[in-house]
Each structure stands twice: as C-alpha cells, then as structure tokens.
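I have placed the structure first, in the form of structure tokens, so that the comments after it can refer back to it.
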Amino acid sequence: MLTSSASNSTPSATVLSPIDDRLHPYYLHHSDNPGYVLVSQPLTGDNYSSWCKAMLIALSVKNKTGFINGSLPKPSISDSLMYNSWMRNNNLVISWILNSESKEISASIMFADTSFEIWNDLKERFEQSNGPRIFQIRKELVNLIQNQDSIGVYFMKLKSLWEELSNFRPHCSNFRPS
C-alpha cells in the first residue's frame with residue numbers, strides 16, 4: 001500500500017542517457033539539422049564581433065557552446081556511444097558555423113576536425129582586425145548629423161553605431177562556460 005501511494009504521488013526518477021536528456025549538450029532535437037542557418041548575417045570578416053555575439057547566442061540556445069569553448073572534450077573512442085554522439089554534435093556545430101560564413105571563409109576552415117579548432121581559428125584571424133572598423137565607427141559617430149531625419153531615425157542611427165562599437169569589447173574571446 002505504501003508503495004502504490006508513493007508511486008502515485010512521486011514520479012519515478014529515470015536515469016537518461018546524455019543522448020536522451022534534453023538538458024545535455026549531446027542531445028539532438030529533431031529540428032537540429034546540418035543545413036540550418038543560425039544567424040542572419042554571414043561572417044564576412046569585417047563583421048566578426050557582431051557575428052560572434054549572434055553565434056554565441058544561437059549556440060547557447062541550442063546548448064552547444066561547450067563544443068566551441070573546449071569544455072566538452074572528445075570522449076575516448078572506447079566509449080563508442082559517447083564518442084559517436086560527440087562526433088555527431090561536433091559535426092553539426094561545424095556545419096552551423098560553415099553555413100554562417102561567406103564561401104571564402106568557409107573554404108578556408110573546411111578541413112578542421114573540431115568546432116573548437118574552427119572557433120579559435122576564426123577568433124585569431126578576425127578579432128584583431130577590428131581596429132580600422134572601430135576607427136570608422138568613431139568617425140561616423142563624430143560626423144553624424146540629424147539633417148532631415150526625424151529624431152527617431154537619427155536616434156536609431158546613433159544607437160546602432162553605439163551598439164556596434166560596444167560589440168567590439170572582447171566578450172567572444174573571453175567566453176567560458178558558466
């Protein structure tokens with residue numbers, strides 16, 4: 001009698017494999033596919049900061065940031081279930097990154113083995129090249145005038161420049177799992 005009432009009032013705790021646990025990074029939702037484009041603006045080189053921020057948000061929503069920041073290392077091949085799951089997820093993240101870049105950039109990283117390698121390669125290549133863009137944004141801010149624009153349009157131009165400038169803070173280079 002005690003067992004039946006306990007089973008009626010408390011749900012049984014089932015232990016899920018990481019592959020089946022929707023909160024685990026190895027879990028793949030039925031909508032996760034390699035052709036999916038996670039961000040609206042592809043990486044072209046001069047937009048690295050905003051692209052990086054958008055990708056971090058998208059990968060965070062998909063619970064896949066551990067693949068790009070190195071906190072989910074490749075399991076031993078002897079654990080074939082975890083190894084295969086990690087490989088599937090890593091390749092999915094690689095395909096999402098490739099789909100979110102210009103053809104020239106994706107061709108240059110096509111043969112990397114891990115999404116972590118790709119992420120670091122892109123960071124090394126494009127994070128340092130922001131100096132000219134920062135100068136250009138600051139110049140645009142100094143020279144911005146309202147002219148015939150409404151105050152709302154003028155403010156949106158100003159705000160978008162401020163936002164772009166603030167995106168050049170190193171939030172992508174210092175990204176670590178929380």
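Note on naming: chains are A, B, ... as they come in the structure tokens, residues start from 1 per chain, ligands start from 1 in the order shown.
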Subject >> 10 Å contact set for Thr65 (chain A), only C-alpha atoms, chain neighbours under 5 positions out, as a PyMOL selection string >> reply: chain A and resi 25+55-60+70-72+93+115-116+175-177
Find the spatial neighbours of Asn90 (chain A), counting only C-alpha atoms, within a cut-off of 7 Å - ignore same-chain residues fewer than 2 positions away - and output them as a PDB file with C-alpha atoms, in the first residue's frame.
```pdb
ATOM      1  CA  PHE A  67      31.834  22.350 -28.354  1.00  0.00           C
ATOM      2  CA  TRP A  86      30.122  13.787 -29.516  1.00  0.00           C
ATOM      3  CA  MET A  87      31.199  13.389 -33.159  1.00  0.00           C
ATOM      4  CA  ARG A  88      27.617  13.913 -34.416  1.00  0.00           C
ATOM      5  CA  LEU A  92      26.552  19.560 -36.506  1.00  0.00           C
ATOM      6  CA  VAL A  93      28.148  22.616 -34.874  1.00  0.00           C
ATOM      7  CA  ILE A  94      30.782  22.684 -37.637  1.00  0.00           C
ATOM      8  CA  THR A 114      36.624  20.164 -34.430  1.00  0.00           C
ATOM      9  CA  SER A 115      34.342  23.118 -33.968  1.00  0.00           C
TER      10      SER A 115
END
```
Original post:
Which one is closest to Asp20 (chain A): A:Asn91, A:Ser85, A:Pro42, A:Gly35? Count only C-alpha atoms.
Top reply: A:Ser85
Subject >> Selection: 7 Å around region 96-105 of chain A, only C-alpha atoms, excl. self and same-chain fewer than 4 positions, as a VMD selection string >> reply: chain A and resid 34 36 to 39 42 to 44 92 109
Taking all heavy atoms for each residue, export the selection above as a PDB file, in the first residue's frame.
```pdb
ATOM      1  N   PRO A  34      21.986  19.817 -40.156  1.00  0.00           N
ATOM      2  CA  PRO A  34      23.199  20.478 -40.624  1.00  0.00           C
ATOM      3  C   PRO A  34      22.963  21.612 -41.622  1.00  0.00           C
ATOM      4  O   PRO A  34      23.832  22.450 -41.810  1.00  0.00           O
ATOM      5  CB  PRO A  34      24.010  19.353 -41.270  1.00  0.00           C
ATOM      6  CG  PRO A  34      23.095  18.223 -41.422  1.00  0.00           C
ATOM      7  CD  PRO A  34      21.943  18.419 -40.505  1.00  0.00           C
ATOM      8  N   TYR A  36      20.802  23.995 -41.239  1.00  0.00           N
ATOM      9  CA  TYR A  36      20.215  25.121 -40.523  1.00  0.00           C
ATOM     10  C   TYR A  36      21.191  26.296 -40.479  1.00  0.00           C
ATOM     11  O   TYR A  36      22.381  26.118 -40.277  1.00  0.00           O
ATOM     12  CB  TYR A  36      19.860  24.655 -39.108  1.00  0.00           C
ATOM     13  CG  TYR A  36      18.930  25.563 -38.358  1.00  0.00           C
ATOM     14  CD1 TYR A  36      17.606  25.706 -38.747  1.00  0.00           C
ATOM     15  CD2 TYR A  36      19.380  26.274 -37.262  1.00  0.00           C
ATOM     16  CE1 TYR A  36      16.750  26.537 -38.051  1.00  0.00           C
ATOM     17  CE2 TYR A  36      18.532  27.110 -36.557  1.00  0.00           C
ATOM     18  CZ  TYR A  36      17.220  27.232 -36.960  1.00  0.00           C
ATOM     19  OH  TYR A  36      16.376  28.070 -36.278  1.00  0.00           O
ATOM     20  N   VAL A  37      20.692  27.507 -40.684  1.00  0.00           N
ATOM     21  CA  VAL A  37      21.491  28.718 -40.581  1.00  0.00           C
ATOM     22  C   VAL A  37      21.107  29.404 -39.277  1.00  0.00           C
ATOM     23  O   VAL A  37      19.960  29.788 -39.078  1.00  0.00           O
ATOM     24  CB  VAL A  37      21.243  29.658 -41.783  1.00  0.00           C
ATOM     25  CG1 VAL A  37      22.043  30.937 -41.636  1.00  0.00           C
ATOM     26  CG2 VAL A  37      21.579  28.954 -43.091  1.00  0.00           C
ATOM     27  N   LEU A  38      22.064  29.542 -38.379  1.00  0.00           N
ATOM     28  CA  LEU A  38      21.784  30.055 -37.040  1.00  0.00           C
ATOM     29  C   LEU A  38      21.710  31.571 -36.951  1.00  0.00           C
ATOM     30  O   LEU A  38      21.057  32.107 -36.069  1.00  0.00           O
ATOM     31  CB  LEU A  38      22.845  29.567 -36.048  1.00  0.00           C
ATOM     32  CG  LEU A  38      22.883  28.076 -35.751  1.00  0.00           C
ATOM     33  CD1 LEU A  38      23.959  27.783 -34.714  1.00  0.00           C
ATOM     34  CD2 LEU A  38      21.544  27.571 -35.274  1.00  0.00           C
ATOM     35  N   VAL A  39      22.426  32.283 -37.819  1.00  0.00           N
ATOM     36  CA  VAL A  39      22.463  33.745 -37.744  1.00  0.00           C
ATOM     37  C   VAL A  39      22.086  34.335 -39.092  1.00  0.00           C
ATOM     38  O   VAL A  39      22.308  33.733 -40.130  1.00  0.00           O
ATOM     39  CB  VAL A  39      23.846  34.263 -37.293  1.00  0.00           C
ATOM     40  CG1 VAL A  39      24.152  33.834 -35.869  1.00  0.00           C
ATOM     41  CG2 VAL A  39      24.945  33.814 -38.224  1.00  0.00           C
ATOM     42  N   PRO A  42      25.897  36.499 -42.479  1.00  0.00           N
ATOM     43  CA  PRO A  42      27.079  35.622 -42.520  1.00  0.00           C
ATOM     44  C   PRO A  42      28.354  36.380 -42.170  1.00  0.00           C
ATOM     45  O   PRO A  42      28.449  37.587 -42.377  1.00  0.00           O
ATOM     46  CB  PRO A  42      27.115  35.143 -43.981  1.00  0.00           C
ATOM     47  CG  PRO A  42      26.354  36.155 -44.747  1.00  0.00           C
ATOM     48  CD  PRO A  42      25.335  36.745 -43.802  1.00  0.00           C
ATOM     49  N   LEU A  43      29.323  35.648 -41.651  1.00  0.00           N
ATOM     50  CA  LEU A  43      30.618  36.230 -41.329  1.00  0.00           C
ATOM     51  C   LEU A  43      31.335  36.581 -42.624  1.00  0.00           C
ATOM     52  O   LEU A  43      31.511  35.720 -43.498  1.00  0.00           O
ATOM     53  CB  LEU A  43      31.465  35.247 -40.522  1.00  0.00           C
ATOM     54  CG  LEU A  43      32.900  35.670 -40.211  1.00  0.00           C
ATOM     55  CD1 LEU A  43      32.920  36.925 -39.337  1.00  0.00           C
ATOM     56  CD2 LEU A  43      33.651  34.539 -39.535  1.00  0.00           C
ATOM     57  N   THR A  44      31.717  37.838 -42.747  1.00  0.00           N
ATOM     58  CA  THR A  44      32.454  38.291 -43.927  1.00  0.00           C
ATOM     59  C   THR A  44      33.848  38.755 -43.558  1.00  0.00           C
ATOM     60  O   THR A  44      34.638  39.058 -44.433  1.00  0.00           O
ATOM     61  CB  THR A  44      31.713  39.451 -44.621  1.00  0.00           C
ATOM     62  OG1 THR A  44      31.559  40.519 -43.688  1.00  0.00           O
ATOM     63  CG2 THR A  44      30.364  39.005 -45.140  1.00  0.00           C
ATOM     64  N   LEU A  92      27.711  18.684 -36.350  1.00  0.00           N
ATOM     65  CA  LEU A  92      26.552  19.560 -36.506  1.00  0.00           C
ATOM     66  C   LEU A  92      26.944  21.009 -36.241  1.00  0.00           C
ATOM     67  O   LEU A  92      26.582  21.910 -37.019  1.00  0.00           O
ATOM     68  CB  LEU A  92      25.431  19.125 -35.551  1.00  0.00           C
ATOM     69  CG  LEU A  92      24.135  19.899 -35.633  1.00  0.00           C
ATOM     70  CD1 LEU A  92      23.481  19.715 -37.001  1.00  0.00           C
ATOM     71  CD2 LEU A  92      23.195  19.437 -34.532  1.00  0.00           C
ATOM     72  N   ILE A 109      38.347  26.959 -43.742  1.00  0.00           N
ATOM     73  CA  ILE A 109      38.304  26.185 -42.491  1.00  0.00           C
ATOM     74  C   ILE A 109      37.613  24.832 -42.659  1.00  0.00           C
ATOM     75  O   ILE A 109      37.406  24.111 -41.697  1.00  0.00           O
ATOM     76  CB  ILE A 109      37.572  26.978 -41.375  1.00  0.00           C
ATOM     77  CG1 ILE A 109      36.172  27.348 -41.821  1.00  0.00           C
ATOM     78  CG2 ILE A 109      38.371  28.185 -40.957  1.00  0.00           C
ATOM     79  CD1 ILE A 109      35.303  27.853 -40.715  1.00  0.00           C
TER      80      ILE A 109
END
```
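Between CA of Asn167 (chain A) and CA of Ser49 (chain A) the separation is 5.9 Å.
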**OP:** Assign secondary structure with DSSP using the backbone only, and return the residues of region 53-148 of chain A in helix (DSSP H, G or I) as a ChimeraX atom specification.
**Re:** /A:53-61,65-69,80-99,103-109,115-126,128-143
**OP:** List the neighbours of Phe126 (chain A) out to 8 Å using only C-alpha atoms; skip same-chain residues closer than 5 positions along the sequence, and give me the result as number ranges by chain.
**Re:** A: 45-46, 48
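Between CA of His24 (chain A) and CA of Trp51 (chain A) the interatomic distance comes to 25.1 Å.
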Original post:
So which residues touch Leu28 (chain A) within 9 Å, counting only C-alpha atoms, skipping near sequence neighbours fewer than 3 positions away, as a PyMOL selection string?
Top reply: chain A and resi 19-20+22+25+31-33+62+89
**OP:** Please provide as a list in words all residues within 10 Å of Leu141 (chain A), with the sequence filter that same-chain residues fewer than 2 positions apart are discarded (counting only C-alpha atoms).
**Re:** Phe135, Gln136, Ile137, Arg138, Lys139, Asn143, Leu144, Ile145, Lys157, Leu158, Lys159, Leu161, Trp162 and Leu165 of chain A
Could those selected residues go to a file with N, CA, C and O atoms, as a PDB file, in the first residue's frame?
```
ATOM      1  N   PHE A 135      37.787  52.567 -35.681  1.00  0.00           N
ATOM      2  CA  PHE A 135      38.096  53.931 -36.108  1.00  0.00           C
ATOM      3  C   PHE A 135      36.965  54.479 -36.989  1.00  0.00           C
ATOM      4  O   PHE A 135      36.518  55.619 -36.821  1.00  0.00           O
ATOM      5  N   GLN A 136      36.505  53.648 -37.927  1.00  0.00           N
ATOM      6  CA  GLN A 136      35.441  54.078 -38.841  1.00  0.00           C
ATOM      7  C   GLN A 136      34.142  54.388 -38.087  1.00  0.00           C
ATOM      8  O   GLN A 136      33.482  55.394 -38.363  1.00  0.00           O
ATOM      9  N   ILE A 137      33.785  53.555 -37.127  1.00  0.00           N
ATOM     10  CA  ILE A 137      32.561  53.792 -36.349  1.00  0.00           C
ATOM     11  C   ILE A 137      32.686  55.088 -35.549  1.00  0.00           C
ATOM     12  O   ILE A 137      31.754  55.894 -35.514  1.00  0.00           O
ATOM     13  N   ARG A 138      33.836  55.282 -34.920  1.00  0.00           N
ATOM     14  CA  ARG A 138      34.042  56.514 -34.146  1.00  0.00           C
ATOM     15  C   ARG A 138      33.962  57.743 -35.040  1.00  0.00           C
ATOM     16  O   ARG A 138      33.394  58.769 -34.657  1.00  0.00           O
ATOM     17  N   LYS A 139      34.503  57.637 -36.222  1.00  0.00           N
ATOM     18  CA  LYS A 139      34.439  58.742 -37.176  1.00  0.00           C
ATOM     19  C   LYS A 139      32.985  59.012 -37.581  1.00  0.00           C
ATOM     20  O   LYS A 139      32.548  60.164 -37.664  1.00  0.00           O
ATOM     21  N   ASN A 143      30.784  62.467 -36.965  1.00  0.00           N
ATOM     22  CA  ASN A 143      30.229  63.176 -38.120  1.00  0.00           C
ATOM     23  C   ASN A 143      28.722  63.007 -38.288  1.00  0.00           C
ATOM     24  O   ASN A 143      28.153  63.573 -39.224  1.00  0.00           O
ATOM     25  N   LEU A 144      28.085  62.253 -37.420  1.00  0.00           N
ATOM     26  CA  LEU A 144      26.642  62.020 -37.552  1.00  0.00           C
ATOM     27  C   LEU A 144      25.857  63.302 -37.263  1.00  0.00           C
ATOM     28  O   LEU A 144      26.053  63.938 -36.229  1.00  0.00           O
ATOM     29  N   ILE A 145      25.005  63.666 -38.206  1.00  0.00           N
ATOM     30  CA  ILE A 145      24.131  64.826 -38.012  1.00  0.00           C
ATOM     31  C   ILE A 145      22.703  64.413 -38.369  1.00  0.00           C
ATOM     32  O   ILE A 145      22.481  63.481 -39.145  1.00  0.00           O
ATOM     33  N   LYS A 157      20.050  55.570 -35.785  1.00  0.00           N
ATOM     34  CA  LYS A 157      21.382  55.552 -36.403  1.00  0.00           C
ATOM     35  C   LYS A 157      22.456  55.660 -35.321  1.00  0.00           C
ATOM     36  O   LYS A 157      23.445  54.917 -35.327  1.00  0.00           O
ATOM     37  N   LEU A 158      22.255  56.576 -34.393  1.00  0.00           N
ATOM     38  CA  LEU A 158      23.197  56.784 -33.306  1.00  0.00           C
ATOM     39  C   LEU A 158      23.313  55.534 -32.437  1.00  0.00           C
ATOM     40  O   LEU A 158      24.410  55.068 -32.133  1.00  0.00           O
ATOM     41  N   LYS A 159      22.174  54.985 -32.078  1.00  0.00           N
ATOM     42  CA  LYS A 159      22.157  53.806 -31.221  1.00  0.00           C
ATOM     43  C   LYS A 159      22.805  52.602 -31.910  1.00  0.00           C
ATOM     44  O   LYS A 159      23.546  51.845 -31.272  1.00  0.00           O
ATOM     45  N   LEU A 161      25.191  52.641 -34.108  1.00  0.00           N
ATOM     46  CA  LEU A 161      26.639  52.844 -34.073  1.00  0.00           C
ATOM     47  C   LEU A 161      27.196  52.585 -32.673  1.00  0.00           C
ATOM     48  O   LEU A 161      28.254  51.955 -32.519  1.00  0.00           O
ATOM     49  N   TRP A 162      26.501  53.061 -31.650  1.00  0.00           N
ATOM     50  CA  TRP A 162      26.932  52.790 -30.272  1.00  0.00           C
ATOM     51  C   TRP A 162      26.965  51.291 -30.000  1.00  0.00           C
ATOM     52  O   TRP A 162      27.897  50.779 -29.393  1.00  0.00           O
ATOM     53  N   LEU A 165      29.820  49.594 -31.807  1.00  0.00           N
ATOM     54  CA  LEU A 165      31.070  49.911 -31.121  1.00  0.00           C
ATOM     55  C   LEU A 165      31.201  49.111 -29.823  1.00  0.00           C
ATOM     56  O   LEU A 165      32.262  48.571 -29.519  1.00  0.00           O
TER      57      LEU A 165
END
```
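Counting from CA of Ser78 (chain A), the distance to CA of Pro18 (chain A) is 16.7 Å.
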